[in-house]
>>> print(open('input.txt').read())   # compact mmCIF, N, CA and C atoms and all ligand atoms
# COMPACT_ATOMS: atom_id res chain seq x y z
N MET A 1020 -103.17 118.14 4.42
CA MET A 1020 -103.62 118.74 3.14
C MET A 1020 -102.88 118.12 1.97
N ALA A 1021 -101.51 118.25 2.03
CA ALA A 1021 -100.70 117.69 0.93
C ALA A 1021 -100.91 116.19 0.85
N PHE A 1022 -101.03 115.59 2.00
CA PHE A 1022 -101.23 114.15 2.03
C PHE A 1022 -102.55 113.77 1.36
N THR A 1023 -103.59 114.52 1.74
CA THR A 1023 -104.92 114.25 1.19
C THR A 1023 -104.89 114.40 -0.33
N LYS A 1024 -104.20 115.45 -0.76
CA LYS A 1024 -104.13 115.74 -2.19
C LYS A 1024 -103.41 114.60 -2.93
N THR A 1025 -102.27 114.22 -2.40
CA THR A 1025 -101.48 113.16 -3.01
C THR A 1025 -102.30 111.87 -3.06
N PHE A 1026 -102.93 111.61 -1.92
CA PHE A 1026 -103.74 110.39 -1.85
C PHE A 1026 -104.86 110.44 -2.88
N GLY A 1027 -105.49 111.63 -3.00
CA GLY A 1027 -106.56 111.82 -3.97
C GLY A 1027 -106.09 111.53 -5.38
N VAL A 1028 -104.94 112.07 -5.72
CA VAL A 1028 -104.39 111.88 -7.07
C VAL A 1028 -104.06 110.40 -7.30
N MET A 1029 -103.47 109.79 -6.29
CA MET A 1029 -103.14 108.37 -6.42
C MET A 1029 -104.40 107.54 -6.61
N PHE A 1030 -105.41 107.89 -5.83
CA PHE A 1030 -106.66 107.13 -5.91
C PHE A 1030 -107.29 107.29 -7.28
N LEU A 1031 -107.27 108.54 -7.78
CA LEU A 1031 -107.85 108.84 -9.09
C LEU A 1031 -107.12 108.02 -10.15
N CYS A 1032 -105.78 108.03 -10.08
CA CYS A 1032 -104.98 107.30 -11.05
C CYS A 1032 -105.31 105.81 -10.97
N PHE A 1033 -105.37 105.32 -9.74
CA PHE A 1033 -105.66 103.91 -9.53
C PHE A 1033 -107.01 103.54 -10.17
N SER A 1034 -108.03 104.39 -9.91
CA SER A 1034 -109.36 104.12 -10.47
C SER A 1034 -109.32 104.14 -12.00
N LEU A 1035 -108.66 105.18 -12.54
CA LEU A 1035 -108.59 105.32 -14.00
C LEU A 1035 -107.84 104.14 -14.60
N CYS A 1036 -106.73 103.76 -13.97
CA CYS A 1036 -105.92 102.66 -14.48
C CYS A 1036 -106.76 101.39 -14.51
N LEU A 1037 -107.53 101.18 -13.46
CA LEU A 1037 -108.39 100.00 -13.40
C LEU A 1037 -109.37 100.00 -14.56
N VAL A 1038 -110.00 101.17 -14.76
CA VAL A 1038 -110.99 101.28 -15.83
C VAL A 1038 -110.34 101.06 -17.18
N PHE A 1039 -109.19 101.75 -17.40
CA PHE A 1039 -108.57 101.66 -18.71
C PHE A 1039 -107.95 100.29 -18.98
N SER A 1040 -107.44 99.65 -17.95
CA SER A 1040 -106.80 98.37 -18.19
C SER A 1040 -107.84 97.31 -18.56
N SER A 1041 -109.11 97.58 -18.26
CA SER A 1041 -110.13 96.60 -18.61
C SER A 1041 -110.52 96.71 -20.09
N ALA A 1042 -110.11 97.82 -20.74
CA ALA A 1042 -110.38 97.98 -22.16
C ALA A 1042 -109.22 97.37 -22.96
N ASP A 1043 -109.41 97.20 -24.26
CA ASP A 1043 -108.33 96.67 -25.10
C ASP A 1043 -107.26 97.74 -25.26
N GLY A 1044 -106.02 97.38 -25.01
CA GLY A 1044 -104.92 98.30 -25.21
C GLY A 1044 -105.15 99.60 -24.49
N ASN A 1045 -104.81 100.73 -25.13
CA ASN A 1045 -104.95 102.02 -24.49
C ASN A 1045 -106.06 102.86 -25.10
N ALA A 1046 -106.90 102.23 -25.91
CA ALA A 1046 -107.97 102.98 -26.55
C ALA A 1046 -108.90 103.55 -25.49
N PRO A 1047 -109.31 104.82 -25.65
CA PRO A 1047 -110.27 105.37 -24.69
C PRO A 1047 -111.58 104.58 -24.76
N LEU A 1048 -112.29 104.56 -23.66
CA LEU A 1048 -113.55 103.83 -23.61
C LEU A 1048 -114.58 104.49 -24.52
N SER A 1049 -115.42 103.68 -25.13
CA SER A 1049 -116.55 104.24 -25.87
C SER A 1049 -117.60 104.66 -24.85
N ALA A 1050 -118.54 105.48 -25.28
CA ALA A 1050 -119.62 105.90 -24.38
C ALA A 1050 -120.38 104.68 -23.85
N TYR A 1051 -120.46 103.63 -24.68
CA TYR A 1051 -121.19 102.42 -24.29
C TYR A 1051 -120.42 101.65 -23.21
N GLU A 1052 -119.10 101.63 -23.35
CA GLU A 1052 -118.27 100.98 -22.33
C GLU A 1052 -118.32 101.75 -21.01
N VAL A 1053 -118.42 103.08 -21.13
CA VAL A 1053 -118.55 103.89 -19.91
C VAL A 1053 -119.84 103.51 -19.18
N LEU A 1054 -120.93 103.40 -19.94
CA LEU A 1054 -122.21 102.98 -19.32
C LEU A 1054 -122.04 101.67 -18.57
N GLN A 1055 -121.39 100.70 -19.23
CA GLN A 1055 -121.22 99.38 -18.61
C GLN A 1055 -120.36 99.45 -17.35
N SER A 1056 -119.38 100.37 -17.36
CA SER A 1056 -118.52 100.48 -16.18
C SER A 1056 -119.30 101.05 -14.99
N TYR A 1057 -120.45 101.66 -15.26
CA TYR A 1057 -121.32 102.14 -14.18
C TYR A 1057 -122.51 101.19 -13.97
N ASN A 1058 -122.36 99.96 -14.50
CA ASN A 1058 -123.39 98.92 -14.34
C ASN A 1058 -124.71 99.26 -15.04
N LEU A 1059 -124.63 100.07 -16.11
CA LEU A 1059 -125.84 100.41 -16.87
C LEU A 1059 -125.75 99.75 -18.25
N PRO A 1060 -126.89 99.34 -18.82
CA PRO A 1060 -126.88 98.65 -20.12
C PRO A 1060 -126.64 99.61 -21.29
N VAL A 1061 -126.02 99.11 -22.36
CA VAL A 1061 -125.68 99.95 -23.52
C VAL A 1061 -126.92 100.54 -24.19
N GLY A 1062 -128.06 99.84 -24.05
CA GLY A 1062 -129.29 100.28 -24.71
C GLY A 1062 -129.87 101.57 -24.17
N VAL A 1063 -129.25 102.12 -23.14
CA VAL A 1063 -129.67 103.41 -22.61
C VAL A 1063 -129.32 104.54 -23.60
N LEU A 1064 -128.29 104.28 -24.42
CA LEU A 1064 -127.92 105.25 -25.46
C LEU A 1064 -128.19 104.64 -26.83
N PRO A 1065 -128.74 105.45 -27.75
CA PRO A 1065 -128.92 104.94 -29.12
C PRO A 1065 -127.58 104.73 -29.81
N ALA A 1066 -127.60 103.97 -30.90
CA ALA A 1066 -126.39 103.78 -31.70
C ALA A 1066 -125.97 105.12 -32.30
N GLY A 1067 -124.68 105.28 -32.56
CA GLY A 1067 -124.21 106.44 -33.29
C GLY A 1067 -123.73 107.61 -32.45
N VAL A 1068 -123.23 107.35 -31.24
CA VAL A 1068 -122.65 108.43 -30.44
C VAL A 1068 -121.39 108.95 -31.15
N ALA A 1069 -121.35 110.26 -31.42
CA ALA A 1069 -120.22 110.84 -32.15
C ALA A 1069 -119.10 111.26 -31.20
N GLY A 1070 -119.43 111.49 -29.95
CA GLY A 1070 -118.41 111.88 -28.98
C GLY A 1070 -119.04 112.14 -27.63
N TYR A 1071 -118.18 112.14 -26.61
CA TYR A 1071 -118.71 112.44 -25.28
C TYR A 1071 -117.59 113.02 -24.43
N THR A 1072 -117.98 113.71 -23.37
CA THR A 1072 -117.01 114.09 -22.35
C THR A 1072 -117.57 113.60 -21.03
N LEU A 1073 -116.68 113.26 -20.12
CA LEU A 1073 -117.09 112.79 -18.80
C LEU A 1073 -116.12 113.32 -17.77
N ASP A 1074 -116.65 114.00 -16.76
CA ASP A 1074 -115.84 114.39 -15.62
C ASP A 1074 -115.94 113.23 -14.63
N SER A 1075 -114.87 112.45 -14.54
CA SER A 1075 -114.96 111.22 -13.74
C SER A 1075 -115.09 111.50 -12.24
N ASN A 1076 -114.81 112.74 -11.82
CA ASN A 1076 -115.01 113.05 -10.40
C ASN A 1076 -116.48 113.28 -10.08
N SER A 1077 -117.12 114.15 -10.86
CA SER A 1077 -118.51 114.51 -10.57
C SER A 1077 -119.49 113.58 -11.28
N GLY A 1078 -119.03 112.92 -12.36
CA GLY A 1078 -119.93 112.07 -13.15
C GLY A 1078 -120.70 112.87 -14.19
N GLN A 1079 -120.44 114.19 -14.24
CA GLN A 1079 -121.12 115.04 -15.22
C GLN A 1079 -120.70 114.61 -16.63
N PHE A 1080 -121.69 114.34 -17.49
CA PHE A 1080 -121.34 113.93 -18.86
C PHE A 1080 -122.09 114.75 -19.89
N TRP A 1081 -121.59 114.64 -21.11
CA TRP A 1081 -122.11 115.36 -22.27
C TRP A 1081 -121.95 114.38 -23.42
N VAL A 1082 -123.03 114.12 -24.14
CA VAL A 1082 -122.96 113.16 -25.25
C VAL A 1082 -123.45 113.83 -26.52
N ASN A 1083 -122.68 113.65 -27.60
CA ASN A 1083 -123.01 114.23 -28.90
C ASN A 1083 -123.52 113.13 -29.83
N LEU A 1084 -124.80 113.21 -30.20
CA LEU A 1084 -125.39 112.22 -31.11
C LEU A 1084 -125.45 112.75 -32.55
N THR A 1085 -124.85 113.91 -32.79
CA THR A 1085 -124.83 114.59 -34.08
C THR A 1085 -126.20 115.14 -34.48
N ASN A 1086 -127.21 114.27 -34.52
CA ASN A 1086 -128.56 114.70 -34.90
C ASN A 1086 -129.57 114.26 -33.85
N GLU A 1087 -130.73 114.89 -33.90
CA GLU A 1087 -131.82 114.42 -33.07
C GLU A 1087 -132.12 112.97 -33.46
N CYS A 1088 -132.52 112.16 -32.50
CA CYS A 1088 -132.70 110.73 -32.73
C CYS A 1088 -134.03 110.27 -32.17
N LYS A 1089 -134.83 109.58 -33.00
CA LYS A 1089 -136.11 109.04 -32.51
C LYS A 1089 -136.16 107.55 -32.78
N PHE A 1090 -136.78 106.83 -31.87
CA PHE A 1090 -137.00 105.38 -32.09
C PHE A 1090 -138.15 104.93 -31.20
N ASN A 1091 -138.63 103.72 -31.46
CA ASN A 1091 -139.68 103.15 -30.63
C ASN A 1091 -139.07 102.11 -29.72
N GLU A 1092 -139.49 102.15 -28.47
CA GLU A 1092 -138.97 101.18 -27.50
C GLU A 1092 -140.15 100.72 -26.66
N GLY A 1093 -140.43 99.43 -26.73
CA GLY A 1093 -141.52 98.88 -25.92
C GLY A 1093 -142.84 99.63 -26.08
N GLY A 1094 -143.15 100.00 -27.32
CA GLY A 1094 -144.41 100.69 -27.58
C GLY A 1094 -144.41 102.17 -27.25
N HIS A 1095 -143.22 102.70 -26.88
CA HIS A 1095 -143.12 104.12 -26.58
C HIS A 1095 -142.26 104.82 -27.62
N LYS A 1096 -142.64 106.04 -27.98
CA LYS A 1096 -141.80 106.86 -28.86
C LYS A 1096 -140.81 107.61 -27.98
N ILE A 1097 -139.53 107.42 -28.31
CA ILE A 1097 -138.47 108.07 -27.53
C ILE A 1097 -137.72 109.04 -28.43
N LYS A 1098 -137.33 110.15 -27.86
CA LYS A 1098 -136.55 111.14 -28.63
C LYS A 1098 -135.33 111.58 -27.82
N TYR A 1099 -134.17 111.55 -28.48
CA TYR A 1099 -132.95 112.10 -27.90
C TYR A 1099 -132.58 113.35 -28.68
N GLU A 1100 -132.31 114.44 -27.99
CA GLU A 1100 -131.79 115.64 -28.67
C GLU A 1100 -130.39 115.32 -29.17
N SER A 1101 -129.86 116.17 -30.04
CA SER A 1101 -128.52 115.90 -30.59
C SER A 1101 -127.45 115.95 -29.49
N ILE A 1102 -127.69 116.75 -28.47
CA ILE A 1102 -126.77 116.80 -27.32
C ILE A 1102 -127.56 116.43 -26.07
N ILE A 1103 -127.09 115.46 -25.33
CA ILE A 1103 -127.73 115.17 -24.05
C ILE A 1103 -126.70 115.30 -22.93
N THR A 1104 -127.19 115.69 -21.76
CA THR A 1104 -126.29 115.87 -20.61
C THR A 1104 -126.91 115.22 -19.38
N GLY A 1105 -126.09 115.00 -18.38
CA GLY A 1105 -126.56 114.43 -17.13
C GLY A 1105 -125.41 114.10 -16.22
N VAL A 1106 -125.71 113.36 -15.19
CA VAL A 1106 -124.70 112.95 -14.21
C VAL A 1106 -124.79 111.44 -14.04
N ILE A 1107 -123.67 110.76 -14.28
CA ILE A 1107 -123.66 109.30 -14.17
C ILE A 1107 -123.00 108.88 -12.86
N THR A 1108 -123.66 107.96 -12.17
CA THR A 1108 -123.09 107.32 -10.98
C THR A 1108 -123.44 105.83 -11.10
N GLN A 1109 -122.92 104.99 -10.23
CA GLN A 1109 -123.23 103.57 -10.30
C GLN A 1109 -124.75 103.38 -10.35
N ASN A 1110 -125.20 102.65 -11.37
CA ASN A 1110 -126.63 102.30 -11.53
C ASN A 1110 -127.56 103.47 -11.82
N ASN A 1111 -127.02 104.64 -12.11
CA ASN A 1111 -127.91 105.80 -12.24
C ASN A 1111 -127.46 106.85 -13.26
N LEU A 1112 -128.43 107.37 -13.99
CA LEU A 1112 -128.23 108.58 -14.81
C LEU A 1112 -129.17 109.62 -14.23
N GLY A 1113 -128.60 110.68 -13.68
CA GLY A 1113 -129.43 111.71 -13.06
C GLY A 1113 -129.35 113.03 -13.79
N ASP A 1114 -130.20 113.98 -13.42
CA ASP A 1114 -130.17 115.33 -14.00
C ASP A 1114 -130.19 115.31 -15.51
N LEU A 1115 -130.89 114.33 -16.08
CA LEU A 1115 -130.87 114.19 -17.53
C LEU A 1115 -131.51 115.37 -18.23
N ASP A 1116 -130.89 115.76 -19.34
CA ASP A 1116 -131.45 116.81 -20.17
C ASP A 1116 -131.32 116.36 -21.62
N GLY A 1117 -132.42 116.35 -22.36
CA GLY A 1117 -132.36 116.03 -23.78
C GLY A 1117 -132.97 114.68 -24.14
N VAL A 1118 -133.56 113.98 -23.17
CA VAL A 1118 -134.19 112.68 -23.47
C VAL A 1118 -135.69 112.80 -23.18
N LYS A 1119 -136.51 112.43 -24.16
CA LYS A 1119 -137.96 112.60 -24.00
C LYS A 1119 -138.73 111.36 -24.42
N VAL A 1120 -139.92 111.21 -23.84
CA VAL A 1120 -140.82 110.12 -24.22
C VAL A 1120 -142.16 110.76 -24.55
N LYS A 1121 -142.83 110.21 -25.58
CA LYS A 1121 -144.13 110.77 -25.95
C LYS A 1121 -145.21 110.15 -25.07
N THR A 1122 -145.88 111.00 -24.33
CA THR A 1122 -146.96 110.55 -23.44
C THR A 1122 -148.22 111.23 -23.92
N ALA A 1123 -149.22 110.45 -24.29
CA ALA A 1123 -150.45 110.98 -24.87
C ALA A 1123 -150.08 111.86 -26.06
N PHE A 1124 -150.23 113.18 -25.95
CA PHE A 1124 -150.03 114.03 -27.12
C PHE A 1124 -148.76 114.87 -27.08
N PHE A 1125 -148.04 114.78 -25.98
CA PHE A 1125 -146.87 115.66 -25.91
C PHE A 1125 -145.63 114.91 -25.40
N TRP A 1126 -144.49 115.57 -25.56
CA TRP A 1126 -143.21 114.98 -25.15
C TRP A 1126 -142.91 115.37 -23.71
N SER A 1127 -142.56 114.38 -22.90
CA SER A 1127 -142.19 114.63 -21.51
C SER A 1127 -140.74 114.23 -21.30
N SER A 1128 -140.03 115.01 -20.49
CA SER A 1128 -138.62 114.73 -20.26
C SER A 1128 -138.43 113.54 -19.33
N ILE A 1129 -137.49 112.69 -19.71
CA ILE A 1129 -137.04 111.63 -18.80
C ILE A 1129 -135.93 112.27 -17.96
N LYS A 1130 -136.16 112.32 -16.66
CA LYS A 1130 -135.25 113.05 -15.78
C LYS A 1130 -134.19 112.16 -15.16
N ASN A 1131 -134.52 110.88 -15.03
CA ASN A 1131 -133.63 109.98 -14.31
C ASN A 1131 -133.81 108.55 -14.80
N VAL A 1132 -132.70 107.83 -14.90
CA VAL A 1132 -132.73 106.40 -15.23
C VAL A 1132 -131.99 105.69 -14.12
N ASN A 1133 -132.66 104.71 -13.50
CA ASN A 1133 -132.05 104.05 -12.36
C ASN A 1133 -132.17 102.54 -12.47
N ARG A 1134 -131.04 101.86 -12.25
CA ARG A 1134 -131.06 100.41 -12.26
C ARG A 1134 -131.25 99.87 -10.85
N ASP A 1135 -132.25 98.99 -10.72
CA ASP A 1135 -132.43 98.28 -9.45
C ASP A 1135 -132.40 96.80 -9.81
N GLN A 1136 -131.25 96.20 -9.66
CA GLN A 1136 -131.01 94.81 -10.03
C GLN A 1136 -131.39 94.54 -11.48
N ASP A 1137 -132.46 93.80 -11.74
CA ASP A 1137 -132.80 93.45 -13.12
C ASP A 1137 -133.86 94.35 -13.73
N GLN A 1138 -134.10 95.47 -13.08
CA GLN A 1138 -135.10 96.41 -13.58
C GLN A 1138 -134.45 97.76 -13.84
N LEU A 1139 -134.95 98.43 -14.89
CA LEU A 1139 -134.47 99.76 -15.20
C LEU A 1139 -135.66 100.71 -15.10
N GLY A 1140 -135.57 101.66 -14.18
CA GLY A 1140 -136.68 102.58 -13.95
C GLY A 1140 -136.43 103.93 -14.62
N PHE A 1141 -137.46 104.45 -15.30
CA PHE A 1141 -137.37 105.75 -15.97
C PHE A 1141 -138.31 106.70 -15.26
N LYS A 1142 -137.74 107.79 -14.78
CA LYS A 1142 -138.55 108.78 -14.08
C LYS A 1142 -138.94 109.88 -15.05
N VAL A 1143 -140.25 110.03 -15.25
CA VAL A 1143 -140.77 111.01 -16.20
C VAL A 1143 -141.62 112.03 -15.47
N GLY A 1144 -141.03 113.20 -15.23
CA GLY A 1144 -141.71 114.33 -14.60
C GLY A 1144 -142.88 113.93 -13.71
N ILE A 1145 -144.06 114.42 -14.06
CA ILE A 1145 -145.25 114.23 -13.23
C ILE A 1145 -145.80 112.80 -13.30
N PHE A 1146 -145.29 111.98 -14.25
CA PHE A 1146 -145.85 110.65 -14.43
C PHE A 1146 -145.21 109.59 -13.53
N GLY A 1147 -144.21 109.99 -12.77
CA GLY A 1147 -143.57 109.03 -11.88
C GLY A 1147 -142.63 108.11 -12.62
N THR A 1148 -142.35 106.97 -12.05
CA THR A 1148 -141.33 106.06 -12.59
C THR A 1148 -141.97 104.83 -13.18
N LYS A 1149 -141.49 104.46 -14.38
CA LYS A 1149 -141.94 103.22 -15.00
C LYS A 1149 -140.72 102.32 -15.20
N SER A 1150 -140.87 101.05 -14.84
CA SER A 1150 -139.73 100.13 -14.92
C SER A 1150 -139.90 99.07 -16.00
N PHE A 1151 -138.74 98.67 -16.56
CA PHE A 1151 -138.70 97.65 -17.61
C PHE A 1151 -137.57 96.69 -17.27
N PRO A 1152 -137.66 95.44 -17.79
CA PRO A 1152 -136.57 94.49 -17.54
C PRO A 1152 -135.27 94.98 -18.20
N ILE A 1153 -134.17 94.78 -17.52
CA ILE A 1153 -132.87 95.24 -18.01
C ILE A 1153 -132.53 94.59 -19.36
N SER A 1154 -133.05 93.37 -19.58
CA SER A 1154 -132.76 92.63 -20.82
C SER A 1154 -133.32 93.34 -22.05
N ASP A 1155 -134.25 94.28 -21.87
CA ASP A 1155 -134.77 95.06 -23.00
C ASP A 1155 -133.75 96.06 -23.51
N PHE A 1156 -132.63 96.23 -22.79
CA PHE A 1156 -131.66 97.28 -23.13
C PHE A 1156 -130.28 96.74 -23.47
N SER A 1157 -130.25 95.49 -23.98
CA SER A 1157 -128.97 94.85 -24.31
C SER A 1157 -128.33 95.44 -25.56
N TYR A 1158 -129.14 96.05 -26.41
CA TYR A 1158 -128.63 96.63 -27.66
C TYR A 1158 -129.01 98.09 -27.74
N SER A 1159 -128.16 98.88 -28.40
CA SER A 1159 -128.47 100.29 -28.60
C SER A 1159 -129.45 100.42 -29.74
N PRO A 1160 -130.58 101.09 -29.51
CA PRO A 1160 -131.55 101.26 -30.60
C PRO A 1160 -130.98 102.10 -31.74
N GLU A 1161 -131.45 101.80 -32.96
CA GLU A 1161 -131.06 102.59 -34.13
C GLU A 1161 -132.06 103.73 -34.27
N CYS A 1162 -131.56 104.92 -34.56
CA CYS A 1162 -132.45 106.07 -34.77
C CYS A 1162 -133.15 105.88 -36.10
N TYR A 1163 -134.45 106.15 -36.19
CA TYR A 1163 -135.08 106.05 -37.50
C TYR A 1163 -135.17 107.39 -38.21
N TYR A 1164 -134.93 108.47 -37.49
CA TYR A 1164 -134.70 109.78 -38.12
C TYR A 1164 -134.29 110.78 -37.09
C1 LIG B 1 -121.02 116.58 -32.77
O1 LIG B 1 -120.42 115.66 -33.64
C2 LIG B 1 -120.49 116.03 -35.02
C3 LIG B 1 -119.97 114.87 -35.85
O2 LIG B 1 -118.75 114.39 -35.39
C4 LIG B 1 -119.69 117.32 -35.20
O3 LIG B 1 -119.79 117.72 -36.56
C5 LIG B 1 -120.28 118.40 -34.29
O4 LIG B 1 -119.51 119.56 -34.38
C6 LIG B 1 -120.33 117.92 -32.85
N1 LIG B 1 -121.06 118.90 -32.06
C7 LIG B 1 -120.52 119.53 -31.03
C8 LIG B 1 -121.41 120.50 -30.31
O5 LIG B 1 -119.37 119.34 -30.68
>>> encode(input="input.txt", output="structure tokens", more="lines below")
Ligand SMILES: *[C@@H]1O[C@H](CO)[C@@H](O)[C@H](O)[C@H]1NC(C)=O
Amino acid sequence: MAFTKTFGVMFLCFSLCLVFSSADGNAPLSAYEVLQSYNLPVGVLPAGVAGYTLDSNSGQFWVNLTNECKFNEGGHKIKYESIITGVITQNNLGDLDGVKVKTAFFWSSIKNVNRDQDQLGFKVGIFGTKSFPISDFSYSPECYY
């Protein structure tokens, strides 16, 4: 028990140290750097993240965008609520709450974002998954309102 606990703490420290040493100095990672550390492109989040929390054990995250954010991406209208939540793991954002895409006349929630090599798949409720090239997400979109 004690051994497992100690080992767990050491492992956690080791992982954190690895992550932090890859950043400049001791500055905490930006939300965009966190995405990259999970092999996800920065364009998954719009520009202007005001703050975030991340439980590095569970991957549960919370992102504060200050205001609701809308932009067009590949001919789709996308909306981020001012607060979005989910669970981040390698190549994946799951349990998403607060991200929507306009389909026909109404907004549908994007529930999951998954990277499969050079493709990024977006799972939208009843509409299934639609994939786009990862290169479409190299930059964070600017909110237009
Ligand atoms: C989100 O960030 C803004 C700007 O920094 C701040 O005013 C607001 O209180 C934050 N919201 C929450 C829920 O923390």
>>> residues_near_ligand(input="input.txt", ligand="ligand LIG 1 (chain B)", cutoff="6 Å", atoms="only N, CA and C atoms and all ligand atoms", output="list in words")
Ala1069, Gly1070, Asn1083, Leu1084 and Thr1085 of chain A
>>> residues_around(input="input.txt", residues="segment 1151-1159 of chain A", least_positions_apart="6", cutoff="6 Å", atoms="all atoms listed in the file", output="ChimeraX atom specification")
/A:1060-1066,1137-1140
>>> select_by_dssp(input="input.txt", residues="chain A", states="helix (DSSP H, G or I)", output="NGL selection string")
:A and (1021-1040 or 1050-1056 or 1061-1063 or 1144-1146 or 1153-1156)
>>> atom_distance(input="input.txt", atom1="atom CA of Gln1079 of chain A", atom2="atom N of Gly1113 of chain A")
8.8 Å
>>> atom_distance(input="input.txt", atom1="atom CA of Phe1080 of chain A", atom2="atom CA of Ile1145 of chain A")
24.6 Å
>>> closest_residue(input="input.txt", among="A:Thr1108, A:Ser1049, A:Ser1150, A:Ser1056", to="Gly1078 of chain A", atoms="only N, CA and C atoms")
A:Thr1108
>>> atom_distance(input="input.txt", atom1="atom C of Leu1054 of chain A", atom2="atom N of Ile1103 of chain A")
16.2 Å
>>> select_by_dssp(input="input.txt", residues="chain A", states="strand (DSSP E)", output="JSON, numbers by chain")
{"A": [1070, 1071, 1072, 1073, 1079, 1080, 1081, 1082, 1083, 1088, 1089, 1090, 1091, 1092, 1095, 1096, 1097, 1098, 1099, 1100, 1101, 1102, 1103, 1104, 1105, 1106, 1107, 1108, 1111, 1112, 1113, 1114, 1115, 1116, 1117, 1118, 1119, 1120, 1121, 1122, 1125, 1126, 1127, 1128, 1129, 1130, 1131, 1132, 1133, 1134, 1135, 1138, 1139, 1140, 1141, 1142, 1143, 1147, 1148, 1149, 1150, 1151, 1152]}
